[in-house]
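Below is one structure, written out as structure tokens, with a few remarks after it.
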Amino acid sequence: MKDIAAQLGVSVSSVSLVLNDRDAGRVNVDTAGRIRELARTFGYVPNQLARSLKSKQTQTIGLVSDRVATVPFSSAMLAGAQEAAWRHGYVLMLVDTGGNEDLQTPAVQSLLQRNVDGLIVAATYHRTVERPQVPMTTPVVLLDGRPDGDERSADFVVPDEERGAFDAVTHLVEAGHRRIGFCTVSAYPIADDLRTKGYRRALAAAGIPFDPDLVVTAVDAATADGITPARALLERPVSARPTAVFCFGDQIAMGFYQVARSLDLAIPTDLSIVGFDNQEFVAEALDPGLTTVQLPHRAMGDWAVERILAQIAQPTGSRPDPVGCRMHCPIVVRGSVAPPRDPP
């Protein structure tokens, strides 16, 4: 500030007013413009740490994740959170534990030592998450996870898995299918349970009896894990084979594509398939493109930051009650669904 003041022949206090955006009506407009232009030439940026000593806020939100930063599938949550933070003049400070639970507490403590204004704990998939031990004055939001125990103990946002599955199966019903198979995945119990409920609820809503013989289970969600259950459904006689399949995830759906092709079943004329997740490099790469359900990761990241900021805006000692958000998962229609070849 002294350098700018000396070069322009103005007082240091005038430079201070301009650089802190408090110059309106106090510093000549032309002078203020010259000060700002010279500050840009010098590469001046405000010292946020110094400002935080007065405001008691660092304009920083901490985010602890377990592999979210390294798994492309869920990284959109970070993009959504970062965009929302930036939109409000905040910076997102990220620590990724790489799935190492022993690093969770040190990661949280490291962020708290840097006086973050709020904390987001992000999971790579919908599961229960232990709320970190932080001061009551620090807002906390769980991202893609729900509190372990009482859901009212923390703010959280998760995808509405049940509604997403309901919409996926309803889409197949509306195309004319009644023998609809379902491939579940045992590795993700919360999502599996909710998607199964959505599948069964859609059948019931359409007056289609639930047939357990049309449900198969994969041990995990990788493409290779979908091969065996796909064969179990598709190698049946035509009368016993489903005309459509709802898959737990897009990679499982890819396994069904492979098995269908090996059996000379054309998609979608012989077999319609709907996935879940809308993994960009899977759903769009398949031929035909996979109709699937979008996990709203970017919107969830945005919601988490907005919720943190809503808590920060509240007067000290009057935090709002925790809110749990189940975010809508829209269906993305591509080319993998058609009416059954021989409608019942």
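Following the order of the structure tokens, chains are lettered A, B, ..., residues in each are numbered from 1, and ligands are numbered from 1.
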
*Got a sec to tell me which of range 99-316 of chain A DSSP assigns to helix (DSSP H, G or I), as a ChimeraX atom specification?*
/A:101-113,151-153,161-174,189-205,212-214,223-234,250-262,280-283,297-313

Show me, as a tab-separated table, the residues of range 39-146 of chain A having an atom within 7 Å of range 151-170 of chain A, each with the closest atom pair and its distance in Å, using only C-alpha atoms.
```
residue	atom	partner	partner_atom	distance
A:His126	CA	A:Val158	CA	6.5
A:Val140	CA	A:Asp155	CA	6.8
A:Val141	CA	A:Asp155	CA	4.9
A:Leu142	CA	A:Phe156	CA	4.4
A:Leu143	CA	A:Val157	CA	5.4
A:Asp144	CA	A:Val158	CA	4.5
A:Gly145	CA	A:Val158	CA	6.1
A:Arg146	CA	A:Phe156	CA	5.8
```

*Between A:Leu233, A:Leu203, A:Val95, A:Cys329, which one has atoms that come closest to His177 in chain A, using only C-alpha atoms?*
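Once distances to His177 in chain A are computed over only C-alpha atoms, the minimum belongs to A:Leu203.
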
_Restricting the calculation to only C-alpha atoms: of A:Val173, A:Val282, A:Cys183, A:Ala230, which residue gets closest to Pro340 in chain A?_
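Under the stated criterion, the closest residue is A:Val173.
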
_Residues near Ser11 in chain A, anyone? I mean within 10 Å using only C-alpha atoms, not counting same-chain ones fewer than 6 positions away, as a ChimeraX atom specification._
/A:1-2,4-5

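Backbone DSSP over range 195-275 of chain A yields strand (DSSP E or B) at Val215, Val216, Thr217, Ala218, Ala244, Val245, Phe246, Cys247, Ser272, Ile273 and Val274 of chain A.
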
_Nearby residues (only C-alpha atoms) at most 9 Å from Val68 in chain A, same-chain spacing under 5 positions excluded, as a list in words_ =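 Contacts, in chain order: Phe73, Ser74, Ser75, Ala76, Met77, Leu78, Asp96, Gly98, Ala122, Ala123, Thr124 and Tyr125 of chain A.
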
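Shortest separation to Asn20 in chain A among A:Arg319, A:Arg201, A:Arg36, A:Arg87 occurs at residue A:Arg36, atoms counted being only C-alpha atoms.
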
*Write out as JSON, numbers by chain which residues come within 12 Å of Ala6 in chain A when counting only C-alpha atoms, dropping same-chain ones fewer than 6 positions away.*
{"A": [12, 13, 14, 15, 35, 38]}
